[in-house]
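This is data.txt (compact mmCIF, C-alpha atoms (C1' of nucleotides)).
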```txt
# COMPACT_ATOMS: atom_id res chain seq x y z
CA MET A 23 104.74 86.65 123.20
CA PRO A 24 102.96 83.45 122.89
CA GLU A 25 100.48 81.73 125.12
CA LEU A 26 98.01 79.11 123.96
CA PRO A 27 95.85 81.39 121.73
CA GLU A 28 98.84 83.00 120.04
CA VAL A 29 100.53 79.65 119.41
CA GLN A 30 97.25 78.20 118.11
CA THR A 31 96.92 81.15 115.72
CA ILE A 32 100.43 80.52 114.42
CA VAL A 33 99.76 76.78 114.07
CA ASP A 34 96.51 77.39 112.16
CA ASP A 35 98.39 79.73 109.80
CA LEU A 36 101.23 77.26 109.30
CA ARG A 37 98.85 74.42 108.49
CA ARG A 38 97.53 76.45 105.58
CA LYS A 39 100.89 77.81 104.48
CA VAL A 40 103.55 75.13 104.87
CA VAL A 41 101.97 71.66 105.01
CA HIS A 42 103.00 69.62 101.92
CA ARG A 43 105.98 71.91 101.33
CA LYS A 44 109.56 70.64 101.34
CA ILE A 45 112.30 72.30 103.35
CA ILE A 46 115.21 72.85 100.99
CA ASP A 47 117.62 74.97 102.99
CA LEU A 48 118.46 76.38 106.42
CA TRP A 49 120.06 79.63 107.46
CA THR A 50 120.84 80.98 110.91
CA ASP A 51 122.95 83.71 112.45
CA TRP A 52 122.40 82.50 116.01
CA PRO A 53 123.48 78.87 116.39
CA LYS A 54 122.19 78.75 119.98
CA SER A 55 118.65 78.89 118.56
CA ILE A 56 119.18 75.29 117.49
CA LYS A 57 119.35 72.74 120.26
CA GLY A 58 121.52 69.65 120.31
CA ILE A 59 123.19 69.87 116.92
CA THR A 60 125.13 72.42 114.93
CA PRO A 61 123.38 74.43 112.21
CA ALA A 62 125.59 72.77 109.61
CA ILE A 63 124.45 69.30 110.61
CA LEU A 64 120.80 70.34 110.83
CA LYS A 65 121.07 71.91 107.41
CA LYS A 66 122.36 68.66 105.97
CA ARG A 67 119.84 66.44 107.75
CA ILE A 68 116.72 68.52 107.13
CA ARG A 69 117.26 69.09 103.41
CA ASP A 70 114.37 67.70 101.31
CA SER A 71 112.19 66.98 104.33
CA LYS A 72 108.50 67.18 103.51
CA ILE A 73 106.24 68.90 106.04
CA LEU A 74 103.36 66.56 106.88
CA ASP A 75 101.56 68.36 109.69
CA VAL A 76 101.76 71.17 112.24
CA LYS A 77 100.42 70.82 115.76
CA ARG A 78 100.42 72.67 119.04
CA LEU A 79 101.68 70.93 122.18
CA GLY A 80 101.08 73.40 124.98
CA LYS A 81 103.05 76.42 123.79
CA ASN A 82 105.34 74.27 121.61
CA ILE A 83 104.91 74.01 117.85
CA LEU A 84 105.44 70.53 116.47
CA ILE A 85 106.19 70.32 112.75
CA THR A 86 105.96 66.72 111.65
CA LEU A 87 108.25 65.77 108.78
CA ASP A 88 108.52 62.71 106.61
CA ARG A 89 110.98 59.89 107.43
CA ASP A 90 109.57 59.90 111.02
CA ARG A 91 111.25 63.15 111.98
CA ALA A 92 110.01 66.40 113.44
CA LEU A 93 110.88 69.96 114.34
CA LEU A 94 109.88 71.34 117.72
CA ILE A 95 109.82 75.10 118.08
CA HIS A 96 109.21 77.12 121.24
CA GLN A 97 108.86 80.86 120.75
CA LYS A 98 109.41 81.74 124.42
CA MET A 99 108.89 85.48 125.10
CA THR A 100 109.43 87.33 121.84
CA GLY A 101 109.68 84.65 119.17
CA HIS A 102 107.65 84.94 115.97
CA LEU A 103 107.20 82.54 113.10
CA MET A 104 106.57 84.22 109.80
CA VAL A 105 106.01 82.95 106.28
CA GLY A 106 106.96 85.05 103.31
CA ARG A 107 109.66 85.93 100.85
CA TRP A 108 112.79 87.43 102.28
CA PHE A 109 116.16 88.40 100.91
CA LEU A 110 119.47 87.98 102.63
CA LYS A 111 121.65 91.03 102.47
CA LYS A 112 125.24 91.30 103.61
CA THR A 113 126.10 94.55 105.37
CA ARG A 114 129.02 95.83 107.35
CA ALA A 115 127.24 94.72 110.51
CA GLY A 116 126.68 91.20 109.18
CA TRP A 117 123.74 89.53 107.49
CA LEU A 118 120.43 91.35 107.36
CA VAL A 119 117.15 89.87 106.30
CA THR A 120 114.79 92.06 104.35
CA ASN A 121 111.13 91.47 104.88
CA PRO A 122 108.58 92.66 102.35
CA ILE A 123 105.62 92.23 104.69
CA ARG A 124 103.97 95.60 105.07
CA GLY A 125 102.07 96.78 108.09
CA PRO A 126 103.01 96.47 111.70
CA PHE A 127 106.74 96.20 111.26
CA LYS A 128 108.31 99.62 111.35
CA ASP A 129 110.55 99.06 108.36
CA ARG A 130 111.29 96.54 105.69
CA VAL A 131 114.25 95.07 107.50
CA ASN A 132 113.46 92.63 110.25
CA GLN A 133 116.73 92.56 112.11
CA TYR A 134 115.48 89.95 114.54
CA VAL A 135 115.16 87.03 112.14
CA HIS A 136 117.64 84.41 113.34
CA VAL A 137 116.56 81.16 111.66
CA ILE A 138 115.15 80.63 108.17
CA PHE A 139 113.85 77.44 106.57
CA SER A 140 113.66 77.85 102.80
CA LEU A 141 110.72 76.05 101.23
CA ASP A 142 110.28 74.54 97.80
CA ASN A 143 107.71 77.15 96.72
CA GLY A 144 110.10 80.09 96.95
CA LYS A 145 108.81 81.14 100.36
CA MET A 146 110.55 80.95 103.69
CA LEU A 147 109.54 80.04 107.22
CA ALA A 148 111.42 82.43 109.48
CA LEU A 149 111.90 82.53 113.22
CA SER A 150 112.31 86.09 114.42
CA ASP A 151 113.16 86.74 118.04
CA MET A 152 114.35 89.99 119.57
CA ARG A 153 115.45 88.39 122.82
CA LYS A 154 116.87 85.19 121.29
CA PHE A 155 115.19 82.88 123.82
CA ALA A 156 113.28 80.87 121.21
CA ARG A 157 114.56 77.40 120.42
CA VAL A 158 114.34 74.90 117.57
CA ASP A 159 114.82 71.20 118.19
CA PHE A 160 115.02 68.52 115.51
CA GLY A 161 115.11 64.73 115.49
CA GLU A 162 113.20 61.48 115.19
CA SER A 163 109.71 61.53 116.69
CA LYS A 164 110.94 59.24 119.44
CA TYR A 165 113.58 61.79 120.40
CA ILE A 166 111.19 64.77 120.26
CA PHE A 167 108.63 63.05 122.48
CA SER A 168 111.34 62.02 124.93
CA LEU A 169 112.28 65.65 125.57
CA PRO A 170 111.44 66.73 129.14
CA ALA A 171 109.54 69.76 127.81
CA ILE A 172 107.11 67.40 126.09
CA ARG A 173 107.22 64.39 128.40
CA LYS A 174 106.47 66.52 131.46
CA LEU A 175 103.77 68.62 129.81
CA GLY A 176 100.47 68.61 131.69
CA LEU A 177 97.11 68.14 129.96
CA ASP A 178 96.30 70.93 127.55
CA ALA A 179 93.93 73.59 128.85
CA LEU A 180 91.60 72.91 125.90
CA ASP A 181 91.92 69.10 125.99
CA GLY A 182 88.59 67.43 126.69
CA HIS A 183 90.41 64.82 128.77
CA LEU A 184 90.94 67.56 131.33
CA THR A 185 87.62 67.17 133.16
CA PRO A 186 86.57 69.22 136.20
CA ALA A 187 87.20 66.15 138.37
CA ILE A 188 90.74 65.65 137.10
CA PHE A 189 91.43 69.38 137.25
CA GLU A 190 90.24 69.44 140.85
CA LYS A 191 92.52 66.57 141.78
CA ILE A 192 95.53 68.40 140.33
CA ILE A 193 94.72 71.81 141.79
CA ARG A 194 93.92 70.55 145.27
CA THR A 195 97.36 68.96 145.70
CA ARG A 196 99.32 72.11 144.94
CA ARG A 197 100.68 74.33 147.67
CA LYS A 198 101.75 77.15 145.37
CA SER A 199 99.49 80.10 144.55
CA ILE A 200 96.67 79.38 142.14
CA LYS A 201 98.23 81.73 139.60
CA GLN A 202 101.63 80.02 139.64
CA THR A 203 99.84 76.67 139.47
CA LEU A 204 97.85 77.73 136.39
CA MET A 205 101.03 78.96 134.72
CA ASP A 206 103.03 75.80 135.43
CA PRO A 207 103.22 73.95 132.10
CA THR A 208 103.65 70.61 133.87
CA VAL A 209 100.25 71.16 135.56
CA VAL A 210 98.17 72.61 132.70
CA ALA A 211 99.63 73.36 129.29
CA GLY A 212 99.05 76.65 127.51
CA ILE A 213 98.19 79.26 130.13
CA GLY A 214 100.67 82.10 130.62
CA ASN A 215 100.79 85.41 132.42
CA ILE A 216 98.19 87.33 130.40
CA TYR A 217 95.45 84.73 130.44
CA ALA A 218 96.12 83.58 134.02
CA ASP A 219 95.40 87.11 135.25
CA ASP A 220 92.28 87.48 133.11
CA ILE A 221 90.93 84.05 134.04
CA LEU A 222 91.33 84.65 137.79
CA TRP A 223 89.74 88.09 137.55
CA SER A 224 86.79 86.61 135.69
CA ILE A 225 86.05 84.15 138.52
CA LYS A 226 86.92 86.64 141.31
CA VAL A 227 89.77 84.60 142.78
CA HIS A 228 92.87 86.33 144.15
CA PRO A 229 96.01 85.25 142.25
CA ALA A 230 97.99 84.66 145.47
CA ARG A 231 95.49 82.23 147.00
CA PRO A 232 97.09 78.84 147.61
CA ALA A 233 95.75 76.45 144.99
CA TYR A 234 94.56 73.85 147.52
CA THR A 235 92.18 76.39 149.12
CA LEU A 236 89.93 76.52 146.05
CA ASP A 237 86.76 74.51 146.48
CA ARG A 238 85.11 72.24 143.94
CA SER A 239 82.79 74.87 142.50
CA GLU A 240 85.57 77.43 142.18
CA ILE A 241 87.76 74.93 140.35
CA LYS A 242 84.94 74.05 137.99
CA LYS A 243 84.30 77.73 137.28
CA LEU A 244 88.04 78.19 136.77
CA LEU A 245 88.17 75.51 134.07
CA ILE A 246 85.05 76.75 132.29
CA SER A 247 86.24 80.35 132.38
CA ALA A 248 89.74 79.43 131.22
CA ARG A 249 88.32 77.70 128.16
CA LYS A 250 85.91 80.52 127.39
CA ILE A 251 88.66 83.14 127.54
CA LEU A 252 91.22 81.08 125.61
CA LYS A 253 88.68 80.30 122.88
CA LYS A 254 87.66 83.94 122.60
CA ALA A 255 91.33 84.92 122.28
CA ILE A 256 91.83 82.31 119.54
CA ARG A 257 88.84 83.76 117.65
CA LEU A 258 90.50 87.18 117.91
CA ARG A 259 93.83 85.69 116.80
CA GLY A 260 95.65 86.29 120.09
CA THR A 261 96.80 89.19 122.19
CA SER A 262 99.19 91.82 120.91
CA VAL A 263 100.58 93.49 123.94
CA GLY A 264 104.09 94.36 122.91
CA ASP A 265 105.06 92.84 119.61
CA TYR A 266 103.09 89.63 118.99
CA ARG A 267 102.22 89.15 115.33
CA ASP A 268 100.80 86.29 113.27
CA THR A 269 102.70 84.62 110.43
CA SER A 270 101.79 87.48 108.10
CA GLY A 271 102.89 90.16 110.55
CA ARG A 272 99.38 91.11 111.70
CA PRO A 273 98.56 91.80 115.37
CA GLY A 274 95.89 89.90 117.32
CA GLY A 275 92.65 91.44 118.56
CA TYR A 276 92.40 90.27 122.19
CA GLY A 277 94.58 93.16 123.43
CA ARG A 278 91.54 95.44 123.37
CA GLU A 279 89.52 92.91 125.39
CA LEU A 280 91.98 92.45 128.25
CA LEU A 281 90.18 92.22 131.58
CA VAL A 282 93.00 93.06 134.02
CA TYR A 283 96.35 92.25 132.47
CA ARG A 284 98.56 95.36 132.45
CA ARG A 285 95.70 97.56 133.64
CA THR A 286 97.44 98.64 136.88
CA GLY A 287 95.77 101.76 138.28
CA GLU A 288 92.95 101.61 135.75
CA PRO A 289 89.39 101.02 136.99
CA CYS A 290 88.19 97.44 137.43
CA ARG A 291 85.77 96.59 134.63
CA ARG A 292 83.24 95.41 137.24
CA CYS A 293 83.53 97.79 140.20
CA ARG A 294 85.78 100.68 139.09
CA THR A 295 88.29 100.01 141.91
CA PRO A 296 91.86 100.69 140.65
CA ILE A 297 93.59 97.50 139.52
CA GLN A 298 96.61 96.50 141.60
CA ARG A 299 99.86 94.82 140.61
CA MET A 300 101.92 92.40 142.69
CA VAL A 301 104.75 89.99 141.98
CA LEU A 302 104.24 86.22 142.17
CA GLY A 303 107.00 83.84 141.21
CA GLN A 304 109.02 86.61 139.53
CA ARG A 305 106.07 87.56 137.31
CA PRO A 306 103.68 90.48 137.59
CA ALA A 307 100.12 89.66 138.64
CA HIS A 308 97.20 92.07 138.13
CA PHE A 309 94.01 91.90 140.13
CA CYS A 310 91.12 93.90 141.56
CA PRO A 311 91.58 94.25 145.34
CA ARG A 312 87.81 94.50 145.80
CA CYS A 313 86.56 91.69 143.52
CA GLN A 314 89.43 89.31 144.28
CA LYS A 315 89.82 89.05 148.03
CA LEU A 316 92.38 86.75 149.61
C1' DC B 23 111.09 68.02 148.07
C1' DT B 24 110.02 73.04 147.89
C1' DA B 25 110.58 77.88 147.21
C1' DT B 26 113.06 81.44 145.38
C1' DA B 27 116.44 83.32 142.28
C1' DA B 28 119.14 83.43 138.34
C1' DA B 29 119.92 82.59 133.63
C1' DC B 30 118.96 83.08 128.83
C1' DC B 31 118.77 88.27 125.73
C1' DT B 32 117.48 92.90 123.81
C1' DG B 33 114.91 97.07 123.69
C1' DC B 34 111.85 100.21 125.71
C1' DT B 35 110.19 103.30 129.50
C1' DG B 36 110.35 106.28 133.22
C1' DG B 37 112.71 108.64 136.81
C1' DC B 38 116.36 111.61 138.09
C1' DT C 10 119.27 115.55 126.80
C1' DG C 11 121.47 111.48 128.96
C1' DC C 12 122.11 107.67 131.86
C1' DC C 13 120.57 103.72 134.18
C1' DA C 14 117.58 100.72 136.75
C1' DG C 15 113.78 98.14 136.00
C1' DC C 16 110.75 95.65 133.22
C1' DA C 17 108.76 92.35 129.46
C1' DG C 18 104.58 87.04 126.54
C1' DG C 19 108.46 81.52 129.18
C1' DT C 20 110.98 77.85 130.76
C1' DT C 21 115.06 75.58 132.65
C1' DT C 22 118.74 75.36 135.90
C1' DA C 23 120.95 76.61 140.16
C1' DT C 24 120.80 77.66 144.98
C1' DA C 25 119.14 77.68 149.69
```
Here is a file; write its structure as structure tokens.
Amino acid sequence: MPELPEVQTIVDDLRRKVVHRKIIDLWTDWPKSIKGITPAILKKRIRDSKILDVKRLGKNILITLDRDRALLIHQKMTGHLMVGRWFLKKTRAGWLVTNPIRGPFKDRVNQYVHVIFSLDNGKMLALSDMRKFARVDFGESKYIFSLPAIRKLGLDALDGHLTPAIFEKIIRTRRKSIKQTLMDPTVVAGIGNIYADDILWSIKVHPARPAYTLDRSEIKKLLISARKILKKAIRLRGTSVGDYRDTSGRPGGYGRELLVYRRTGEPCRRCRTPIQRMVLGQRPAHFCPRCQKL
DNA sequence: CTATAAACCTGCTGGC
DNA sequence: TGCCAGCAGGTTTATA
């Protein structure tokens, strides 16, 4: 689900909804969602933690707690964070979580909720994830920031410290394709498959071009375009291709604006040539064979 | 070191 | 209608 704009949307929601709240309980039916420690230990250690802040680190969500501790959540492909009131219900098949949010969810039971933090205002922060790839990590700030996922994170795509000159230096040393380079979180943080395709289409660069072949002006255009597209997607509250939803269960609006992503066979928005699909680094890449020459 | 593949999971889609 | 291969927003780990 989540790339930079989707994660930012979630973080903005969470700042309004859970900052200053206390976590009073923890429930999970998928212990693997929690890294490092058992759910029972996390439950004990997190009780009565006050939420001080919520931030985005690349595609990770950092929830800062009191007593110098923090939660780090990565939603991976199909993870969702939702805030609301749920009810646990025991059935023959196990625990089910009922979800009163109306709208995009097909029914009132969200069978994919696997972790729930109960808050002191009667609401719950729930992690729902159909594919169970999402992970929650907990510990002292020192521990969280020592995690490879954070330590090795490149500069954020929207971070002002990432200047055209620095971006050029990074891009020009990479031998991989420009698309795989853009999607590598240790190079630039936040760009995933959807936005990488749209960004490259917008500057007419073929996704398979080796990164080091881009010249200075192309790299500058790349950075400017990346920021423009990511900011537009944040304004529209993300892309809902598949099942992405915000913390209230509402879809994002960028899906209608997609430039090439998942438009295989459809006409290029510039020249009407049918969009092509190829595979790069095990991921699909979409491009216009006429606008984006190798 | 690099490049590719597999692993982690479930549900949906399309072809036969 | 039914089955099954292939595919999906991401990242880490294994293999060559």
Cut-off 8 Å: closest chain C/stretch 23-34 of chain B atom pairs per residue, using all atoms listed in the file, as CSV:
```
residue,atom,partner,partner_atom,distance
C:DT22,C1',B:DA29,C1',7.7
C:DA23,C1',B:DA28,C1',7.3
C:DT24,C1',B:DA27,C1',7.6
```
Give me the residues of chain A that have any atom at most 9 Å from an atom of chain B; for each, the nearest atom pair and the distance in Å, rounded to one decimal. Use all atoms listed in the file, sort by chain and number, and format it as JSON lines.
```
{"residue": "A:Met152", "atom": "CA", "partner": "B:DT32", "partner_atom": "C1'", "distance": 6.0}
{"residue": "A:Arg153", "atom": "CA", "partner": "B:DC31", "partner_atom": "C1'", "distance": 4.4}
{"residue": "A:Lys154", "atom": "CA", "partner": "B:DC31", "partner_atom": "C1'", "distance": 5.7}
{"residue": "A:Phe155", "atom": "CA", "partner": "B:DC30", "partner_atom": "C1'", "distance": 6.3}
{"residue": "A:Gly303", "atom": "CA", "partner": "B:DT26", "partner_atom": "C1'", "distance": 7.7}
{"residue": "A:Gln304", "atom": "CA", "partner": "B:DA27", "partner_atom": "C1'", "distance": 8.6}
```
Record the distance separating atom CA of A:Thr295 and atom CA of A:Phe309, expressed in Å with one decimal.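 Distance between the two atoms: 10.1 Å.
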Would you mind listing what lies within 12 Å of A:Lys242 as a VMD selection string, with all atoms listed in the file counted and same-chain residues fewer than 4 positions away left out? chain A and resid 184 to 191 193 225 236 to 238 246 to 249
Kindly export the residues of the current selection with C-alpha atoms, as a compact mmCIF listing (two decimals), in the frame of the given file.
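Dumped to part19.txt:
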```txt
# COMPACT_ATOMS: atom_id res chain seq x y z
CA LEU A 184 90.94 67.56 131.33
CA THR A 185 87.62 67.17 133.16
CA PRO A 186 86.57 69.22 136.20
CA ALA A 187 87.20 66.15 138.37
CA ILE A 188 90.74 65.65 137.10
CA PHE A 189 91.43 69.38 137.25
CA GLU A 190 90.24 69.44 140.85
CA LYS A 191 92.52 66.57 141.78
CA ILE A 193 94.72 71.81 141.79
CA ILE A 225 86.05 84.15 138.52
CA LEU A 236 89.93 76.52 146.05
CA ASP A 237 86.76 74.51 146.48
CA ARG A 238 85.11 72.24 143.94
CA ILE A 246 85.05 76.75 132.29
CA SER A 247 86.24 80.35 132.38
CA ALA A 248 89.74 79.43 131.22
CA ARG A 249 88.32 77.70 128.16
```
For a quick check of understanding, using all atoms listed in the file, which of A:Asp70, A:Asp206, A:Glu25, A:Asp220 has the smallest distance to A:His96?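 Among the listed residues, the smallest separation from A:His96 belongs to A:Glu25.
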